[in-house]
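Student: The following file, input32.txt, comprises compact mmCIF, C-alpha atoms:
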# COMPACT_ATOMS: atom_id res chain seq x y z
CA MET U 7 2.70 15.72 7.65
CA ALA U 8 2.57 14.40 4.06
CA LYS U 9 1.85 10.78 3.30
CA GLN U 10 4.77 8.52 2.45
CA ARG U 11 4.89 6.68 -0.90
CA LEU U 12 6.92 3.47 -1.25
CA ARG U 13 7.56 1.52 -4.45
CA PHE U 14 8.46 -2.14 -4.91
CA ASP U 15 9.57 -3.35 -8.35
CA GLY U 16 9.69 -7.04 -9.21
CA TRP U 17 7.54 -10.12 -9.75
CA ILE U 18 4.57 -11.82 -8.12
CA ALA U 19 3.92 -15.53 -8.77
CA GLY U 20 0.72 -17.22 -7.64
CA ALA U 21 -0.27 -20.87 -7.91
CA GLY U 22 -2.51 -23.45 -6.32
CA THR U 23 -1.59 -27.06 -5.58
CA SER U 24 -3.58 -30.28 -5.59
CA THR U 25 -3.28 -30.51 -1.78
CA GLY U 26 -5.19 -27.23 -1.43
CA THR U 27 -2.21 -25.03 -0.51
CA ARG U 28 -1.96 -21.76 -2.44
CA ILE U 29 1.38 -19.95 -2.74
CA VAL U 30 2.16 -16.33 -3.60
CA LEU U 31 5.80 -15.35 -4.15
CA GLY U 32 6.98 -11.74 -4.09
CA HIS U 33 10.43 -11.34 -5.64
CA TRP U 34 11.60 -7.71 -5.28
CA PRO U 35 15.01 -6.66 -6.69
CA ARG U 36 14.25 -2.94 -6.04
CA THR U 37 12.53 -1.75 -2.85
CA PRO U 38 13.01 0.82 -0.06
CA PHE U 39 14.31 -2.10 2.05
CA GLY U 40 16.78 -3.35 -0.55
CA ALA U 41 16.33 -6.52 -2.58
CA PHE U 42 14.35 -9.32 -0.92
CA SER U 43 11.82 -12.07 -1.55
CA ASP U 44 8.86 -13.19 0.55
CA VAL U 45 6.23 -15.92 0.34
CA MET U 46 2.60 -15.87 1.43
CA VAL U 47 1.06 -19.31 1.96
CA GLU U 48 -2.55 -20.27 2.59
CA HIS U 49 -3.23 -23.91 3.44
CA ALA U 50 -6.39 -25.87 2.72
CA ASP U 51 -7.65 -25.26 6.27
CA GLY U 52 -7.43 -21.49 5.73
CA THR U 53 -4.28 -20.88 7.79
CA ARG U 54 -2.33 -17.94 6.34
CA LEU U 55 1.43 -17.70 6.81
CA LEU U 56 4.09 -15.20 5.83
CA LEU U 57 7.70 -16.16 5.19
CA ALA U 58 9.97 -13.10 5.14
CA PRO U 59 13.76 -12.82 5.33
CA THR U 60 14.18 -10.11 8.00
CA ASP U 61 12.32 -8.70 10.98
CA ARG U 62 11.90 -5.39 9.18
CA THR U 63 10.40 -6.80 5.97
CA ALA U 64 8.19 -9.14 8.00
CA ALA U 65 6.93 -6.21 10.07
CA PHE U 66 6.12 -4.10 7.02
CA ILE U 67 4.32 -6.88 5.13
CA ALA U 68 2.42 -8.10 8.21
CA SER U 69 1.21 -4.57 8.91
CA THR U 70 -0.09 -4.27 5.32
CA TYR U 71 -1.62 -7.75 4.84
CA ALA U 72 -3.34 -10.26 7.14
CA PHE U 73 -1.70 -13.48 8.41
CA ASP U 74 -2.28 -16.01 11.16
CA ARG U 75 1.44 -16.65 11.61
CA VAL U 76 4.68 -14.97 10.56
CA ARG U 77 8.01 -16.74 10.15
CA VAL U 78 11.29 -14.86 9.70
CA GLU U 79 13.56 -17.09 7.62
CA PRO U 80 15.79 -16.71 4.55
CA VAL U 81 13.92 -16.84 1.23
CA THR U 82 16.15 -17.56 -1.77
CA VAL U 83 14.96 -17.23 -5.37
CA GLN U 84 16.88 -18.53 -8.37
CA ARG U 85 15.89 -18.18 -12.01
CA ALA U 86 17.17 -19.99 -15.10
CA GLY U 87 15.16 -18.95 -18.14
CA ASN U 88 11.55 -20.00 -17.55
CA ASP U 89 12.44 -22.10 -14.49
CA TRP U 90 12.18 -20.58 -11.01
CA SER U 91 13.20 -22.06 -7.66
CA VAL U 92 12.15 -20.75 -4.25
CA ILE U 93 13.84 -22.15 -1.13
CA SER U 94 13.31 -21.35 2.55
CA ASP U 95 13.45 -23.34 5.78
CA SER U 96 9.74 -24.20 5.43
CA LEU U 97 9.19 -24.28 1.67
CA THR U 98 10.79 -25.66 -1.47
CA TRP U 99 8.94 -24.59 -4.61
CA HIS U 100 9.88 -24.96 -8.27
CA PHE U 101 7.78 -23.65 -11.13
CA THR U 102 8.03 -23.15 -14.87
CA THR U 103 6.40 -20.42 -16.93
CA GLY U 104 4.91 -20.92 -20.38
CA PRO U 105 4.87 -18.75 -23.51
CA LEU U 106 3.48 -15.23 -23.48
CA GLY U 107 -0.30 -15.20 -24.04
CA LEU U 108 -2.75 -12.51 -25.10
CA PRO U 109 -3.02 -10.83 -21.66
CA GLY U 110 0.74 -10.50 -21.45
CA ARG U 111 0.97 -9.12 -24.99
CA LEU U 112 -1.66 -6.48 -24.22
CA LEU U 113 0.08 -5.47 -20.99
CA ARG U 114 3.35 -5.00 -22.84
CA LEU U 115 1.73 -2.38 -25.07
CA VAL U 116 1.46 0.01 -22.09
CA PRO U 117 4.64 2.07 -21.49
CA PRO U 118 6.18 0.95 -18.16
CA ALA U 119 6.22 4.48 -16.71
CA LEU U 120 2.49 4.87 -17.42
CA ALA U 121 1.63 1.38 -16.14
CA ALA U 122 3.16 2.22 -12.73
CA ARG U 123 1.18 5.45 -12.20
CA PRO U 124 -1.66 5.23 -9.64
CA ALA U 125 -4.03 7.19 -11.93
CA TRP U 126 -3.60 4.60 -14.71
CA ILE U 127 -3.83 1.74 -12.23
CA ARG U 128 -7.22 2.99 -11.03
CA CYS U 129 -8.47 2.90 -14.63
CA ALA U 130 -7.10 -0.62 -15.12
CA ASP U 131 -8.84 -2.03 -12.04
CA LEU U 132 -12.15 -2.88 -13.72
CA PRO U 133 -10.76 -4.84 -16.71
CA ALA U 134 -8.27 -6.56 -14.38
CA ARG U 135 -11.18 -8.02 -12.42
CA MET U 136 -11.98 -10.16 -15.46
CA LEU U 137 -8.73 -12.03 -14.70
CA GLY U 138 -9.60 -12.32 -11.01
CA LEU U 139 -7.28 -9.42 -10.15
CA ARG U 140 -7.60 -6.11 -8.32
CA THR U 141 -5.07 -3.42 -9.16
CA CYS U 142 -5.86 -0.97 -6.34
CA GLY U 143 -7.44 -1.02 -2.90
CA SER U 144 -6.94 -0.46 0.80
CA GLY U 145 -4.52 -2.40 2.97
CA ARG U 146 -4.31 -2.51 6.73
CA ALA U 147 -3.38 0.48 8.90
CA GLY U 148 -4.87 2.95 6.42
CA ARG U 149 -2.48 2.05 3.64
CA ARG U 150 -3.43 2.34 -0.04
CA GLU U 151 -1.97 -0.09 -2.59
CA PHE U 152 -1.56 0.12 -6.37
CA TYR U 153 -0.37 -2.75 -8.57
CA GLY U 154 1.05 -1.62 -11.91
CA ILE U 155 1.19 -4.77 -14.04
CA HIS U 156 3.68 -4.85 -16.93
CA ASP U 157 3.60 -8.50 -18.02
CA LEU U 158 1.87 -11.81 -17.30
CA ARG U 159 2.95 -15.35 -18.13
CA PRO U 160 1.17 -18.60 -17.25
CA ILE U 161 2.74 -21.05 -14.82
CA VAL U 162 2.54 -24.45 -16.51
CA MET U 163 4.36 -26.75 -14.06
CA THR U 164 5.08 -26.79 -10.34
CA THR U 165 6.54 -29.09 -7.73
CA GLY U 166 7.17 -28.38 -4.10
CA GLN U 167 7.29 -29.41 -0.46
CA TRP U 168 6.04 -27.77 2.69
CA GLU U 169 8.05 -28.85 5.73
CA GLY U 170 9.13 -31.97 3.84
CA THR U 171 5.65 -33.00 2.64
CA SER U 172 4.72 -32.85 -1.05
CA LEU U 173 2.35 -30.09 -2.11
CA GLY U 174 1.13 -32.08 -5.11
CA GLY U 175 0.63 -30.91 -8.66
CA LEU U 176 -0.44 -27.62 -10.19
CA SER U 177 -3.96 -26.36 -9.57
CA ARG U 178 -6.02 -23.19 -9.92
CA VAL U 179 -5.92 -20.63 -7.12
CA GLU U 180 -9.29 -21.61 -5.67
CA PRO U 181 -10.55 -20.45 -3.32
CA PRO U 182 -8.83 -17.07 -3.70
CA VAL U 183 -6.14 -16.26 -1.15
CA ARG U 184 -7.17 -13.94 1.70
CA PHE U 185 -4.11 -11.88 2.55
CA GLY U 186 -5.57 -8.54 1.47
CA PHE U 187 -8.10 -6.90 -0.83
CA ALA U 188 -6.64 -8.64 -3.90
CA SER U 189 -5.91 -12.22 -4.83
CA VAL U 190 -3.82 -13.43 -7.77
CA PRO U 191 -5.20 -14.76 -11.10
CA ARG U 192 -7.26 -17.92 -10.77
CA ARG U 193 -5.01 -19.53 -13.37
CA PRO U 194 -1.44 -19.81 -11.99
CA ALA U 195 0.68 -16.98 -13.33
CA LEU U 196 3.85 -14.95 -12.98
CA ILE U 197 3.28 -11.19 -13.08
CA ARG U 198 5.83 -8.42 -13.65
CA VAL U 199 4.70 -5.59 -11.38
CA THR U 200 5.48 -2.27 -9.77
CA THR U 201 3.68 -2.05 -6.43
CA THR U 202 3.08 1.35 -4.86
CA VAL U 203 2.10 1.62 -1.19
CA ASP U 204 0.86 4.94 0.16
CA LEU U 205 1.22 5.22 3.94
CA PRO U 206 -1.06 7.67 5.75
CA ALA U 207 0.43 10.82 7.20
CA GLY U 208 2.57 9.83 10.14
CA GLY U 209 2.57 6.17 9.07
CA LEU U 210 5.76 4.20 9.43
CA ALA U 211 7.36 1.92 6.85
CA GLY U 212 8.16 -0.55 9.60
CA PRO U 213 10.17 -0.69 12.81
CA PRO U 214 13.90 0.00 12.79
CA ALA U 215 16.08 -2.86 11.64
CA GLY U 216 16.42 -5.50 14.34
CA LYS U 217 12.96 -4.97 15.83
CA SER U 218 10.52 -7.86 15.63
CA PRO U 219 6.99 -7.47 14.24
CA ALA U 220 4.16 -7.34 16.73
Output the file's structure in the form of structure tokens.
Tutor:
Amino acid sequence: MAKQRLRFDGWIAGAGTSTGTRIVLGHWPRTPFGAFSDVMVEHADGTRLLLAPTDRTAAFIASTYAFDRVRVEPVTVQRAGNDWSVISDSLTWHFTTGPLGLPGRLLRLVPPALAARPAWIRCADLPARMLGLRTCGSGRAGRREFYGIHDLRPIVMTTGQWEGTSLGGLSRVEPPVRFGFASVPRRPALIRVTTTVDLPAGGLAGPPAGKSPA
């Protein structure tokens, strides 16, 4: 049986806060599961949480990355220019992106179709490490992941609350988040990305709709 290849097209935003909580947003307009958004949160004490909108997306993400707890709850993302808002039952997060810098300009020089190819992504892994990134590696359950990065903008402002308590101001993503083989840039950033996940032969993309993750 051949391996299964899944692609997710959208944005990843990563930022730290002065209270020690680090947040990673995945906003995915085009995926095999339809459009959705999810949030990975790591608190100062090291607790890792996933917020995902459906049982099926939660199951897929939790079988690819590592979390201590998973919460299935609506995750709404709104964008107005450079201003983004993320709202769920647990989290309210607003952030603003700044002007395009040199890394983003260089990434835009690569044709999008080429940037999304696993062969190119393997070549880009070494220079990406200079930004604190990994573009390819192994996930859980024998899955292989490739991050094709098309654009990068700095996050220059953030406010937010976790369960009604302020997260504080903007900070670097230190220590790195520990959801998988890769973190996000140490400096808060919004990344335009095509993520490819190769499932091993016989691997499943997740349980049927309506089934809860293990």
Student: Could you check which of U:Ser94, U:Thr102, U:Thr70, U:Ser172 is closest to Leu196 of chain U, using only C-alpha atoms?
Tutor: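 Looking only at the distances to Leu196 of chain U, the closest residue turns out to be U:Thr102.
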Student: I need the residue nearest Gly32 of chain U from this list: U:Arg140, U:Thr82, U:Phe73, U:Ser96. Use all atoms listed in the file for the distance.
Tutor: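 Looking only at the distances to Gly32 of chain U, the closest residue turns out to be U:Thr82.
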Student: Please report the interatomic distance between atom CA of Ala21 of chain U and atom CA of Val47 of chain U in Å with one decimal.
Tutor: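 Between these atoms lies a distance of 10.1 Å.
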Student: Could you jot down the atom CA of Asp74 of chain U to atom CA of Gly52 of chain U separation for me, Å, one decimal place?
Tutor: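 Spanning atom CA of Asp74 of chain U to atom CA of Gly52 of chain U is a straight-line distance of 9.3 Å.
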Student: So, with only C-alpha atoms as the atoms that count, which of U:His156, U:His100, U:Arg128, U:Lys9 lies closest to Leu173 of chain U?
Tutor: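 Under the stated criterion, the closest residue is U:His100.
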Student: Which is closest to Gln10 of chain U among U:Arg184, U:Arg159, U:Arg85, U:Arg150, if we use only C-alpha atoms?
Tutor: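 The answer is U:Arg150, which sits nearest to Gln10 of chain U.
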Student: In Å to one decimal, how far is atom CA of Leu57 of chain U from atom CA of Arg77 of chain U?
Tutor: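 The value is 5.0 Å.
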Student: Nearest to Ser43 of chain U among U:Ser24, U:Ser91, U:Thr141, U:Thr103, with distances taken over all atoms listed in the file: which residue is it?
Tutor: U:Ser91
Student: Tell me which of U:Glu180, U:Asp51, U:Glu79, U:Asp157 sits closest to Val199 of chain U, counting all atoms listed in the file.
Tutor: U:Asp157
Student: Contacts of Val203 of chain U at 10 Å or less, counting only C-alpha atoms, minus same-chain residues fewer than 6 places along, as a list in words?
Tutor: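 Selected residues are Gln10, Arg11, Leu12, Arg13, Phe14, Thr70, Pro124, Cys142, Ser144, Gly145, Arg149, Arg150, Glu151, Phe152, Tyr153 and Ala211 of chain U.
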